[in-house]
file upload-v3.pdb (PDB, C-alpha atoms and all ligand atoms)
ATOM      1  CA  MET A 854      45.955  94.016 157.325
ATOM      2  CA  LYS A 855      49.405  93.900 158.855
ATOM      3  CA  PHE A 856      51.910  96.650 158.014
ATOM      4  CA  ILE A 857      55.423  97.255 159.308
ATOM      5  CA  THR A 858      55.306 100.120 161.811
ATOM      6  CA  ASP A 859      58.953  99.992 162.944
ATOM      7  CA  ARG A 860      60.964 102.402 160.801
ATOM      8  CA  THR A 861      64.305 100.899 161.797
ATOM      9  CA  TYR A 862      63.197  97.452 160.649
ATOM     10  CA  ALA A 863      61.832  98.773 157.346
ATOM     11  CA  ARG A 864      65.053 100.664 156.738
ATOM     12  CA  GLU A 865      67.129  97.552 157.485
ATOM     13  CA  LEU A 866      65.163  95.589 154.887
ATOM     14  CA  LEU A 867      65.775  98.336 152.329
ATOM     15  CA  GLU A 868      69.504  98.531 153.139
ATOM     16  CA  THR A 869      69.898  94.772 152.694
ATOM     17  CA  ALA A 870      67.971  94.829 149.419
ATOM     18  CA  ASN A 871      70.120  97.687 148.163
ATOM     19  CA  GLN A 872      73.271  95.733 148.956
ATOM     20  CA  LEU A 873      71.931  92.897 146.803
ATOM     21  CA  ASN A 874      71.027  95.207 143.930
ATOM     22  CA  PRO A 875      72.369  98.744 144.379
ATOM     23  CA  GLY A 876      70.671 101.349 142.224
ATOM     24  CA  PRO A 877      68.769 104.625 142.006
ATOM     25  CA  TRP A 878      65.691 102.792 143.255
ATOM     26  CA  TYR A 879      67.147 103.032 146.771
ATOM     27  CA  LYS A 880      67.044 106.843 146.968
ATOM     28  CA  HIS A 881      63.778 106.852 145.053
ATOM     29  CA  SER A 882      62.277 104.629 147.773
ATOM     30  CA  LEU A 883      63.447 106.991 150.527
ATOM     31  CA  ASN A 884      61.966 109.964 148.688
ATOM     32  CA  VAL A 885      58.672 108.157 148.092
ATOM     33  CA  ALA A 886      58.543 107.474 151.838
ATOM     34  CA  ASN A 887      59.172 111.140 152.664
ATOM     35  CA  ALA A 888      56.500 112.292 150.210
ATOM     36  CA  ALA A 889      54.015 109.799 151.667
ATOM     37  CA  GLU A 890      54.673 111.073 155.165
ATOM     38  CA  TYR A 891      54.124 114.718 154.188
ATOM     39  CA  ILE A 892      50.858 113.861 152.476
ATOM     40  CA  VAL A 893      49.536 111.602 155.229
ATOM     41  CA  ILE A 894      50.328 114.208 157.907
ATOM     42  CA  GLU A 895      48.140 116.661 155.980
ATOM     43  CA  MET A 896      45.379 114.079 155.587
ATOM     44  CA  THR A 897      45.365 113.386 159.336
ATOM     45  CA  LYS A 898      44.910 117.133 159.921
ATOM     46  CA  LYS A 899      41.665 116.758 157.989
ATOM     47  CA  GLY A 900      40.478 114.090 160.393
ATOM     48  CA  LEU A 901      41.524 110.900 158.651
ATOM     49  CA  HIS A 902      42.850 108.209 160.942
ATOM     50  CA  LEU A 903      46.063 107.288 159.189
ATOM     51  CA  ASP A 904      49.389 106.178 160.624
ATOM     52  CA  CYS A 905      52.454 108.093 159.403
ATOM     53  CA  ASP A 906      54.784 105.204 160.250
ATOM     54  CA  ILE A 907      52.729 102.803 158.133
ATOM     55  CA  ALA A 908      52.726 105.225 155.199
ATOM     56  CA  TYR A 909      56.449 105.970 155.523
ATOM     57  CA  ASN A 910      57.428 102.309 155.713
ATOM     58  CA  ALA A 911      55.103 101.365 152.863
ATOM     59  CA  GLY A 912      57.015 103.933 150.797
ATOM     60  CA  ILE A 913      60.379 102.579 151.917
ATOM     61  CA  LEU A 914      59.342  99.046 150.931
ATOM     62  CA  HIS A 915      57.152  99.505 147.839
ATOM     63  CA  ASP A 916      59.993  98.578 145.448
ATOM     64  CA  ILE A 917      61.638  96.007 147.739
ATOM     65  CA  GLY A 918      61.204  93.406 144.979
ATOM     66  CA  ARG A 919      64.157  95.098 143.288
ATOM     67  CA  TYR A 920      66.407  93.098 145.624
ATOM     68  CA  LYS A 921      66.266  90.394 142.976
ATOM     69  CA  GLY A 922      67.994  92.546 140.384
ATOM     70  CA  PHE A 923      66.756  94.567 137.455
ATOM     71  CA  THR A 924      63.488  93.176 136.194
ATOM     72  CA  LYS A 925      61.220  94.755 133.646
ATOM     73  CA  SER A 926      57.540  95.434 134.013
ATOM     74  CA  VAL A 927      55.604  94.293 137.044
ATOM     75  CA  ILE A 928      57.902  91.413 137.954
ATOM     76  CA  HIS A 929      59.418  93.527 140.747
ATOM     77  CA  SER A 930      55.895  93.878 142.124
ATOM     78  CA  TYR A 931      55.508  90.118 142.230
ATOM     79  CA  ASP A 932      58.924  89.665 143.880
ATOM     80  CA  GLY A 933      58.124  92.380 146.429
ATOM     81  CA  TYR A 934      54.751  90.818 147.165
ATOM     82  CA  LYS A 935      56.257  87.386 147.798
ATOM     83  CA  PHE A 936      59.024  88.837 149.961
ATOM     84  CA  MET A 937      56.741  90.894 152.214
ATOM     85  CA  ASP A 938      54.047  88.206 152.330
ATOM     86  CA  GLU A 939      56.561  85.620 153.519
ATOM     87  CA  LEU A 940      57.643  88.022 156.271
ATOM     88  CA  GLY A 941      53.999  88.190 157.350
ATOM     89  CA  TYR A 942      53.205  91.765 156.281
ATOM     90  CA  GLN A 943      50.256  91.453 153.915
ATOM     91  CA  GLY A 944      49.627  95.199 153.923
ATOM     92  CA  ASN A 945      53.117  95.947 152.650
ATOM     93  CA  ALA A 946      52.941  93.027 150.221
ATOM     94  CA  ILE A 947      49.779  94.447 148.627
ATOM     95  CA  VAL A 948      51.362  97.901 148.206
ATOM     96  CA  CYS A 949      54.202  96.249 146.276
ATOM     97  CA  VAL A 950      51.560  95.221 143.728
ATOM     98  CA  THR A 951      49.085  98.109 143.731
ATOM     99  CA  HIS A 952      51.625 100.872 143.111
ATOM    100  CA  SER A 953      52.239  99.437 139.639
ATOM    101  CA  PHE A 954      48.543  99.669 138.802
ATOM    102  CA  PRO A 955      47.309 103.258 139.210
ATOM    103  CA  ASN A 956      43.938 102.338 137.726
ATOM    104  CA  GLU A 957      43.152  99.855 140.513
ATOM    105  CA  ASN A 958      41.891  96.659 138.930
ATOM    106  CA  LYS A 959      40.402  98.334 135.869
ATOM    107  CA  ASP A 960      41.924  97.449 132.498
ATOM    108  CA  ILE A 961      44.233  94.826 134.013
ATOM    109  CA  GLU A 962      44.940  93.277 130.622
ATOM    110  CA  THR A 963      46.307  96.534 129.250
ATOM    111  CA  ALA A 964      47.828  97.848 132.491
ATOM    112  CA  ALA A 965      51.148  96.084 132.011
ATOM    113  CA  ASP A 966      53.268  94.397 129.392
ATOM    114  CA  TRP A 967      52.164  90.872 130.296
ATOM    115  CA  THR A 968      54.051  89.300 127.415
ATOM    116  CA  ILE A 969      57.239  89.264 129.495
ATOM    117  CA  VAL A 970      55.562  88.108 132.718
ATOM    118  CA  PRO A 971      55.423  84.358 133.453
ATOM    119  CA  PRO A 972      51.794  83.118 133.678
ATOM    120  CA  TYR A 973      52.064  82.071 137.350
ATOM    121  CA  MET A 974      53.181  85.602 138.255
ATOM    122  CA  LYS A 975      50.379  87.203 136.268
ATOM    123  CA  GLU A 976      47.860  84.913 137.914
ATOM    124  CA  LYS A 977      49.005  85.970 141.396
ATOM    125  CA  LEU A 978      49.139  89.679 140.560
ATOM    126  CA  VAL A 979      45.652  89.641 139.045
ATOM    127  CA  GLU A 980      44.333  87.766 142.068
ATOM    128  CA  VAL A 981      45.839  90.343 144.455
ATOM    129  CA  LEU A 982      44.383  93.213 142.420
ATOM    130  CA  LYS A 983      40.929  91.632 142.300
ATOM    131  CA  VAL A 984      40.837  90.929 146.042
ATOM    132  CA  ASN A 985      42.023  94.490 146.784
ATOM    133  CA  SER A 986      40.097  96.299 144.070
ATOM    134  CA  ASN A 987      39.219  99.343 146.167
ATOM    135  CA  TYR A 988      42.533 100.841 147.169
ATOM    136  CA  ASP A 989      42.699 102.177 150.697
ATOM    137  CA  TRP A 990      44.470 105.461 151.409
ATOM    138  CA  TYR A 991      47.863 103.838 151.936
ATOM    139  CA  ASN A 992      47.719 102.153 148.550
ATOM    140  CA  LYS A 993      46.551 105.357 146.874
ATOM    141  CA  VAL A 994      49.166 107.547 148.557
ATOM    142  CA  ILE A 995      52.087 105.253 147.719
ATOM    143  CA  THR A 996      50.905 104.821 144.125
ATOM    144  CA  LEU A 997      50.837 108.585 143.740
ATOM    145  CA  CYS A 998      54.124 109.150 145.563
ATOM    146  CA  ASP A 999      55.849 106.637 143.299
ATOM    147  CA  ALA A1000      55.252 109.200 140.547
ATOM    148  CA  LEU A1001      56.147 112.209 142.726
ATOM    149  CA  ALA A1002      59.681 111.179 143.648
ATOM    150  CA  ASP A1003      62.786 110.070 141.823
ATOM    151  CA  GLU A1004      66.287 109.462 143.150
ATOM    152  CA  ASN A1005      66.992 113.208 143.378
ATOM    153  CA  GLY A1006      63.940 114.251 145.364
ATOM    154  CA  PHE A1007      60.380 115.320 144.669
ATOM    155  CA  THR A1008      59.181 115.970 141.158
ATOM    156  CA  THR A1009      56.029 116.976 139.328
ATOM    157  CA  LEU A1010      53.944 114.201 137.806
ATOM    158  CA  GLU A1011      54.501 115.649 134.353
ATOM    159  CA  LYS A1012      58.285 115.624 134.622
ATOM    160  CA  ARG A1013      58.309 112.087 135.977
ATOM    161  CA  PHE A1014      55.945 110.796 133.293
ATOM    162  CA  ILE A1015      58.046 112.271 130.500
ATOM    163  CA  SER A1016      61.277 111.004 132.049
ATOM    164  CA  VAL A1017      59.909 107.466 132.398
ATOM    165  CA  GLY A1018      58.406 107.685 128.916
ATOM    166  CA  LEU A1019      61.729 108.761 127.402
ATOM    167  CA  ARG A1020      63.553 105.916 129.097
ATOM    168  CA  HIS A1021      61.054 103.102 128.622
ATOM    169  CA  GLY A1022      58.777 104.288 125.834
ATOM    170  CA  THR A1023      55.038 104.804 125.780
ATOM    171  CA  ASP A1024      52.192 102.882 124.238
ATOM    172  CA  SER A1025      48.492 103.280 123.589
ATOM    173  CA  ASN A1026      47.730 102.610 127.259
ATOM    174  CA  THR A1027      50.086 105.194 128.714
ATOM    175  CA  ALA A1028      47.426 107.905 128.869
ATOM    176  CA  ILE A1029      45.070 105.578 130.767
ATOM    177  CA  ARG A1030      47.784 104.992 133.360
ATOM    178  CA  TRP A1031      48.533 108.709 133.649
ATOM    179  CA  LYS A1032      44.843 109.409 134.276
ATOM    180  CA  GLY A1033      44.953 106.963 137.188
ATOM    181  CA  PHE A1034      47.618 109.079 138.905
ATOM    182  CA  TYR A1035      45.751 112.328 138.291
ATOM    183  CA  GLU A1036      42.554 110.825 139.695
ATOM    184  CA  ILE A1037      44.321 109.898 142.943
ATOM    185  CA  LYS A1038      45.990 113.320 143.097
ATOM    186  CA  GLU A1039      42.675 115.080 142.630
ATOM    187  CA  GLU A1040      40.916 112.938 145.214
ATOM    188  CA  ILE A1041      43.552 113.733 147.840
ATOM    189  CA  GLU A1042      43.696 117.420 146.924
ATOM    190  CA  ILE A1043      39.929 117.789 147.330
ATOM    191  CA  LEU A1044      40.296 116.225 150.755
ATOM    192  CA  ILE A1045      43.198 118.389 151.944
ATOM    193  CA  GLY A1046      42.022 121.542 150.196
ATOM    194  CA  LYS A1047      45.328 122.365 148.553
ATOM    195  CA  SER A1048      47.761 121.207 145.920
ATOM    196  CA  ILE A1049      49.884 118.238 146.876
ATOM    197  CA  TYR A1050      52.872 120.127 145.476
ATOM    198  CA  GLU A1051      52.547 122.632 148.334
ATOM    199  CA  LEU A1052      53.410 119.816 150.744
ATOM    200  CA  LEU A1053      56.651 118.699 149.122
ATOM    201  CA  PRO A1054      59.617 120.960 149.977
ATOM    202  CA  GLY A1055      61.938 121.746 147.079
ATOM    203  CA  ILE A1056      59.662 120.231 144.440
ATOM    204  CA  GLU A1057      60.090 123.388 142.339
ATOM    205  CA  LEU A1058      63.755 122.440 141.880
ATOM    206  CA  SER A1059      62.608 119.555 139.691
ATOM    207  CA  ILE A1060      61.610 122.108 137.048
ATOM    208  CA  TYR A1061      65.243 123.086 136.615
ATOM    209  CA  ALA A1062      66.735 119.597 136.965
ATOM    210  CA  LYS A1063      68.155 117.853 133.939
ATOM    211  CA  MET A1064      65.642 115.490 132.375
ATOM    212  CA  GLU A1065      66.703 111.864 132.812
ATOM    213  CA  TYR A1066      66.340 110.011 129.533
TER     214      TYR A1066
HETATM  215 FE    FE B1101      58.829 102.995 142.799
END

call {"tool": "encode", "arguments": {"input": "upload-v3.pdb", "output": "structure tokens", "more": "lines below"}}
Ligand SMILES: [Fe+2]
result
Amino acid sequence: MKFITDRTYARELLETANQLNPGPWYKHSLNVANAAEYIVIEMTKKGLHLDCDIAYNAGILHDIGRYKGFTKSVIHSYDGYKFMDELGYQGNAIVCVTHSFPNENKDIETAADWTIVPPYMKEKLVEVLKVNSNYDWYNKVITLCDALADENGFTTLEKRFISVGLRHGTDSNTAIRWKGFYEIKEEIEILIGKSIYELLPGIELSIYAKMEY
């Protein structure tokens, strides 16, 4: 699986995408990358063979599909997948999809609002999820970090979930999605022997930050 390892190149792709569609997603992507690096460094200390550059760049590029403009639901995942796949980086392309599906390929039908997704996009996304049903550590870490960072910095899962819920609403499947994030968090915390929050400098500031809604 080919990932971008050159940070300068990954950053250039993000800068160009942000010029096409400037928004808070740019800083969010940088913060997701930083969170991923902190977590992966700790995981390597426990003996896992993971590459910090791969994790960092996967964070930088996970929302790259936003270059197309504001799109609801998982359409940005599809656009990101196509973009990275055409550049030849399948690993990064897959992360663009998996981070929107914290429950891996379980409950695909209820994992997104498919009513606003064109059938050919859904078909591709489902195919990618089925082929990559067991997320590797990079996919798990970026999925989790997507919920641990907003445009202002690091944040607790709870604060992020409520903020997203206030802005976009919740439905009967929201709790299933939330559980997916907690499962990944727990799995990593068992491995590193500490809370993930201990790894993210300044995360406590998110408690005092104004809730975005
Ligand atoms: Fe994101």

call {"tool": "residues_around", "arguments": {"input": "upload-v3.pdb", "residues": "Ala965 of chain A", "least_positions_apart": "5", "cutoff": "12 Å", "atoms": "only C-alpha atoms", "output": "short mmCIF file (atom, residue, chain, number, x, y, z; two decimals) with C-alpha atoms, in the coordinates of the input"}}
result
data_model
loop_
_atom_site.label_atom_id
_atom_site.label_comp_id
_atom_site.auth_asym_id
_atom_site.auth_seq_id
_atom_site.Cartn_x
_atom_site.Cartn_y
_atom_site.Cartn_z
CA LYS A 925 61.22 94.76 133.65
CA SER A 926 57.54 95.43 134.01
CA VAL A 927 55.60 94.29 137.04
CA ILE A 928 57.90 91.41 137.95
CA SER A 930 55.90 93.88 142.12
CA VAL A 950 51.56 95.22 143.73
CA SER A 953 52.24 99.44 139.64
CA PHE A 954 48.54 99.67 138.80
CA PRO A 955 47.31 103.26 139.21
CA ASN A 956 43.94 102.34 137.73
CA ASN A 958 41.89 96.66 138.93
CA LYS A 959 40.40 98.33 135.87
CA ASP A 960 41.92 97.45 132.50
CA VAL A 970 55.56 88.11 132.72
CA LYS A 975 50.38 87.20 136.27
CA LEU A 978 49.14 89.68 140.56
CA VAL A 979 45.65 89.64 139.04
CA THR A 1023 55.04 104.80 125.78
CA ASP A 1024 52.19 102.88 124.24
CA SER A 1025 48.49 103.28 123.59
CA ASN A 1026 47.73 102.61 127.26
CA THR A 1027 50.09 105.19 128.71
CA ILE A 1029 45.07 105.58 130.77
CA ARG A 1030 47.78 104.99 133.36
#

call {"tool": "closest_atom_pairs", "arguments": {"input": "upload-v3.pdb", "of": "chain A", "to": "ligand FE 1101 (chain B)", "cutoff": "7 Å", "atoms": "only C-alpha atoms and all ligand atoms", "output": "JSON lines"}}
result
{"residue": "A:Trp878", "atom": "CA", "partner": "B:FE1101", "partner_atom": "FE", "distance": 6.9}
{"residue": "A:His881", "atom": "CA", "partner": "B:FE1101", "partner_atom": "FE", "distance": 6.7}
{"residue": "A:Ser882", "atom": "CA", "partner": "B:FE1101", "partner_atom": "FE", "distance": 6.3}
{"residue": "A:His915", "atom": "CA", "partner": "B:FE1101", "partner_atom": "FE", "distance": 6.4}
{"residue": "A:Asp916", "atom": "CA", "partner": "B:FE1101", "partner_atom": "FE", "distance": 5.3}
{"residue": "A:Asp999", "atom": "CA", "partner": "B:FE1101", "partner_atom": "FE", "distance": 4.7}

call {"tool": "residues_around", "arguments": {"input": "upload-v3.pdb", "residues": "Ile1056 of chain A", "least_positions_apart": "2", "cutoff": "10 Å", "atoms": "only C-alpha atoms", "output": "list in words"}}
result
Leu1001, Ala1002, Gly1006, Phe1007, Thr1008, Thr1009, Tyr1050, Glu1051, Leu1052, Leu1053, Pro1054, Leu1058, Ser1059 and Ile1060 of chain A

call {"tool": "axis_aligned_box", "arguments": {"input": "upload-v3.pdb", "around": "segment 928-945 of chain A", "padding_each_side": "3 Å", "output": "lines of an AutoDock Vina configuration file"}}
result
center_x = 54.5
center_y = 90.8
center_z = 147.7
size_x = 15.8
size_y = 16.3
size_z = 25.4

call {"tool": "closest_residue", "arguments": {"input": "upload-v3.pdb", "among": "A:Ile917, A:Ile892, A:Leu873, A:Cys905", "to": "Asp859 of chain A", "atoms": "all atoms listed in the file"}}
result
A:Cys905

call {"tool": "closest_residue", "arguments": {"input": "upload-v3.pdb", "among": "A:Tyr988, A:Tyr909, A:Leu901, A:Arg919", "to": "Pro875 of chain A", "atoms": "only C-alpha atoms"}}
result
A:Arg919

call {"tool": "resolve_selection", "arguments": {"input": "upload-v3.pdb", "expression": "the PyMOL selection byres (((chain A and resi 854) around 8) and not hetatm)", "output": "list of chain:residue names"}}
result
A:Lys855, A:Phe856, A:Tyr942, A:Gln943, A:Gly944

call {"tool": "residues_around", "arguments": {"input": "upload-v3.pdb", "residues": "Gly918 of chain A", "least_positions_apart": "4", "cutoff": "9 Å", "atoms": "only C-alpha atoms", "output": "tab-separated table (two decimals) with C-alpha atoms, in the frame of the given file"}}
result
chain	number	residue	atom	x	y	z
A	870	ALA	CA	67.97	94.83	149.42
A	914	LEU	CA	59.34	99.05	150.93
A	922	GLY	CA	67.99	92.55	140.38
A	928	ILE	CA	57.90	91.41	137.95
A	929	HIS	CA	59.42	93.53	140.75
A	930	SER	CA	55.90	93.88	142.12
A	931	TYR	CA	55.51	90.12	142.23
A	932	ASP	CA	58.92	89.66	143.88
A	933	GLY	CA	58.12	92.38	146.43
A	934	TYR	CA	54.75	90.82	147.16
A	935	LYS	CA	56.26	87.39	147.80
A	936	PHE	CA	59.02	88.84	149.96
A	937	MET	CA	56.74	90.89	152.21
A	949	CYS	CA	54.20	96.25	146.28

call {"tool": "atom_distance", "arguments": {"input": "upload-v3.pdb", "atom1": "atom CA of Gln872 of chain A", "atom2": "atom CA of Glu1004 of chain A"}}
result
16.5 Å

call {"tool": "atom_distance", "arguments": {"input": "upload-v3.pdb", "atom1": "atom CA of Cys998 of chain A", "atom2": "atom CA of Ala888 of chain A"}}
result
6.1 Å

call {"tool": "atom_distance", "arguments": {"input": "upload-v3.pdb", "atom1": "atom CA of Val984 of chain A", "atom2": "atom CA of Asn945 of chain A"}}
result
14.8 Å

call {"tool": "closest_residue", "arguments": {"input": "upload-v3.pdb", "among": "A:Lys1063, A:Lys898, A:His1021, A:Lys1032", "to": "Asn1005 of chain A", "atoms": "all atoms listed in the file"}}
result
A:Lys1063

call {"tool": "closest_residue", "arguments": {"input": "upload-v3.pdb", "among": "A:Leu940, A:Val994, A:Ile1041, A:Leu866", "to": "Ile907 of chain A", "atoms": "only C-alpha atoms"}}
result
A:Val994

call {"tool": "closest_residue", "arguments": {"input": "upload-v3.pdb", "among": "A:His952, A:Lys983, A:Ile995, A:Tyr862", "to": "Ala911 of chain A", "atoms": "all atoms listed in the file"}}
result
A:Ile995

call {"tool": "resolve_selection", "arguments": {"input": "upload-v3.pdb", "expression": "the PyMOL selection byres (((chain A and resi 1017) around 12) and not hetatm)", "output": "NGL selection string"}}
result
:A and (999-1003 or 1010-1016 or 1018-1023 or 1027 or 1031 or 1064-1066)

call {"tool": "closest_residue", "arguments": {"input": "upload-v3.pdb", "among": "A:Ile947, A:Val893, A:Leu997, A:Ala964", "to": "Glu980 of chain A", "atoms": "only C-alpha atoms"}}
result
A:Ile947

call {"tool": "decode", "arguments": {"input": "upload-v3.pdb", "residues": "segment 944-1038 of chain A", "atoms": "C-alpha atoms", "output": "PDB file, in the first residue's frame"}}
result
ATOM      1  CA  GLY A 944      -2.908   4.097   1.101  1.00  0.00           C
ATOM      2  CA  ASN A 945      -3.846   7.759   1.373  1.00  0.00           C
ATOM      3  CA  ALA A 946      -6.868   7.232  -0.872  1.00  0.00           C
ATOM      4  CA  ILE A 947      -8.229   4.540   1.464  1.00  0.00           C
ATOM      5  CA  VAL A 948      -7.809   6.779   4.533  1.00  0.00           C
ATOM      6  CA  CYS A 949      -9.946   9.403   2.782  1.00  0.00           C
ATOM      7  CA  VAL A 950     -12.760   6.833   2.871  1.00  0.00           C
ATOM      8  CA  THR A 951     -12.211   4.959   6.136  1.00  0.00           C
ATOM      9  CA  HIS A 952     -12.101   8.020   8.392  1.00  0.00           C
ATOM     10  CA  SER A 953     -15.779   8.634   7.625  1.00  0.00           C
ATOM     11  CA  PHE A 954     -16.687   5.132   8.774  1.00  0.00           C
ATOM     12  CA  PRO A 955     -15.539   4.572  12.371  1.00  0.00           C
ATOM     13  CA  ASN A 956     -17.320   1.222  12.489  1.00  0.00           C
ATOM     14  CA  GLU A 957     -15.188  -0.248   9.688  1.00  0.00           C
ATOM     15  CA  ASN A 958     -17.490  -1.958   7.221  1.00  0.00           C
ATOM     16  CA  LYS A 959     -20.157  -2.845   9.769  1.00  0.00           C
ATOM     17  CA  ASP A 960     -23.579  -1.245   9.322  1.00  0.00           C
ATOM     18  CA  ILE A 961     -22.596   0.391   6.025  1.00  0.00           C
ATOM     19  CA  GLU A 962     -26.217   1.067   5.114  1.00  0.00           C
ATOM     20  CA  THR A 963     -26.776   3.136   8.239  1.00  0.00           C
ATOM     21  CA  ALA A 964     -23.267   4.606   8.505  1.00  0.00           C
ATOM     22  CA  ALA A 965     -23.998   7.560   6.244  1.00  0.00           C
ATOM     23  CA  ASP A 966     -26.842   9.530   4.751  1.00  0.00           C
ATOM     24  CA  TRP A 967     -26.789   7.705   1.414  1.00  0.00           C
ATOM     25  CA  THR A 968     -29.872   9.490   0.132  1.00  0.00           C
ATOM     26  CA  ILE A 969     -27.730  12.431  -0.987  1.00  0.00           C
ATOM     27  CA  VAL A 970     -24.912  10.305  -2.429  1.00  0.00           C
ATOM     28  CA  PRO A 971     -25.035   9.397  -6.141  1.00  0.00           C
ATOM     29  CA  PRO A 972     -25.233   5.593  -6.637  1.00  0.00           C
ATOM     30  CA  TYR A 973     -21.879   5.355  -8.465  1.00  0.00           C
ATOM     31  CA  MET A 974     -20.168   7.044  -5.506  1.00  0.00           C
ATOM     32  CA  LYS A 975     -21.857   4.770  -2.987  1.00  0.00           C
ATOM     33  CA  GLU A 976     -20.860   1.735  -5.011  1.00  0.00           C
ATOM     34  CA  LYS A 977     -17.188   2.769  -4.965  1.00  0.00           C
ATOM     35  CA  LEU A 978     -17.172   3.674  -1.270  1.00  0.00           C
ATOM     36  CA  VAL A 979     -18.793   0.379  -0.279  1.00  0.00           C
ATOM     37  CA  GLU A 980     -16.316  -1.516  -2.439  1.00  0.00           C
ATOM     38  CA  VAL A 981     -13.359   0.250  -0.783  1.00  0.00           C
ATOM     39  CA  LEU A 982     -14.760  -0.462   2.686  1.00  0.00           C
ATOM     40  CA  LYS A 983     -15.363  -4.131   1.901  1.00  0.00           C
ATOM     41  CA  VAL A 984     -11.878  -4.663   0.461  1.00  0.00           C
ATOM     42  CA  ASN A 985     -10.317  -2.888   3.469  1.00  0.00           C
ATOM     43  CA  SER A 986     -12.633  -4.206   6.161  1.00  0.00           C
ATOM     44  CA  ASN A 987      -9.947  -4.659   8.810  1.00  0.00           C
ATOM     45  CA  TYR A 988      -8.508  -1.215   9.358  1.00  0.00           C
ATOM     46  CA  ASP A 989      -4.768  -1.090   9.860  1.00  0.00           C
ATOM     47  CA  TRP A 990      -3.276   1.207  12.490  1.00  0.00           C
ATOM     48  CA  TYR A 991      -2.991   4.176  10.138  1.00  0.00           C
ATOM     49  CA  ASN A 992      -6.670   3.993   9.267  1.00  0.00           C
ATOM     50  CA  LYS A 993      -7.636   3.598  12.921  1.00  0.00           C
ATOM     51  CA  VAL A 994      -5.407   6.433  14.130  1.00  0.00           C
ATOM     52  CA  ILE A 995      -6.619   8.924  11.519  1.00  0.00           C
ATOM     53  CA  THR A 996     -10.263   7.982  12.102  1.00  0.00           C
ATOM     54  CA  LEU A 997      -9.804   8.662  15.796  1.00  0.00           C
ATOM     55  CA  CYS A 998      -7.774  11.835  15.285  1.00  0.00           C
ATOM     56  CA  ASP A 999     -10.471  13.232  13.007  1.00  0.00           C
ATOM     57  CA  ALA A1000     -12.606  13.361  16.158  1.00  0.00           C
ATOM     58  CA  LEU A1001      -9.779  14.629  18.395  1.00  0.00           C
ATOM     59  CA  ALA A1002      -8.972  17.815  16.498  1.00  0.00           C
ATOM     60  CA  ASP A1003     -10.875  20.792  15.190  1.00  0.00           C
ATOM     61  CA  GLU A1004      -9.582  23.993  13.618  1.00  0.00           C
ATOM     62  CA  ASN A1005      -8.500  25.374  17.009  1.00  0.00           C
ATOM     63  CA  GLY A1006      -6.451  22.423  18.209  1.00  0.00           C
ATOM     64  CA  PHE A1007      -7.030  19.201  20.101  1.00  0.00           C
ATOM     65  CA  THR A1008     -10.352  18.440  21.704  1.00  0.00           C
ATOM     66  CA  THR A1009     -12.033  15.699  23.692  1.00  0.00           C
ATOM     67  CA  LEU A1010     -14.214  13.257  21.782  1.00  0.00           C
ATOM     68  CA  GLU A1011     -17.234  14.362  23.780  1.00  0.00           C
ATOM     69  CA  LYS A1012     -16.831  18.037  22.930  1.00  0.00           C
ATOM     70  CA  ARG A1013     -16.297  17.277  19.258  1.00  0.00           C
ATOM     71  CA  PHE A1014     -19.290  14.940  19.068  1.00  0.00           C
ATOM     72  CA  ILE A1015     -21.602  17.506  20.638  1.00  0.00           C
ATOM     73  CA  SER A1016     -20.248  20.299  18.444  1.00  0.00           C
ATOM     74  CA  VAL A1017     -20.749  18.260  15.266  1.00  0.00           C
ATOM     75  CA  GLY A1018     -24.150  17.118  16.513  1.00  0.00           C
ATOM     76  CA  LEU A1019     -25.256  20.698  17.185  1.00  0.00           C
ATOM     77  CA  ARG A1020     -24.168  21.803  13.737  1.00  0.00           C
ATOM     78  CA  HIS A1021     -25.353  18.863  11.653  1.00  0.00           C
ATOM     79  CA  GLY A1022     -27.894  17.090  13.837  1.00  0.00           C
ATOM     80  CA  THR A1023     -27.978  13.534  15.102  1.00  0.00           C
ATOM     81  CA  ASP A1024     -30.017  10.513  14.167  1.00  0.00           C
ATOM     82  CA  SER A1025     -30.705   7.021  15.436  1.00  0.00           C
ATOM     83  CA  ASN A1026     -27.309   5.847  14.179  1.00  0.00           C
ATOM     84  CA  THR A1027     -25.225   8.522  15.864  1.00  0.00           C
ATOM     85  CA  ALA A1028     -24.574   6.421  18.966  1.00  0.00           C
ATOM     86  CA  ILE A1029     -23.335   3.518  16.819  1.00  0.00           C
ATOM     87  CA  ARG A1030     -20.833   5.849  15.163  1.00  0.00           C
ATOM     88  CA  TRP A1031     -19.696   7.263  18.504  1.00  0.00           C
ATOM     89  CA  LYS A1032     -19.073   3.735  19.792  1.00  0.00           C
ATOM     90  CA  GLY A1033     -16.777   3.138  16.818  1.00  0.00           C
ATOM     91  CA  PHE A1034     -14.529   6.005  17.939  1.00  0.00           C
ATOM     92  CA  TYR A1035     -14.477   4.846  21.555  1.00  0.00           C
ATOM     93  CA  GLU A1036     -13.568   1.317  20.472  1.00  0.00           C
ATOM     94  CA  ILE A1037     -10.542   2.603  18.544  1.00  0.00           C
ATOM     95  CA  LYS A1038      -9.566   4.872  21.444  1.00  0.00           C
TER      96      LYS A1038
END
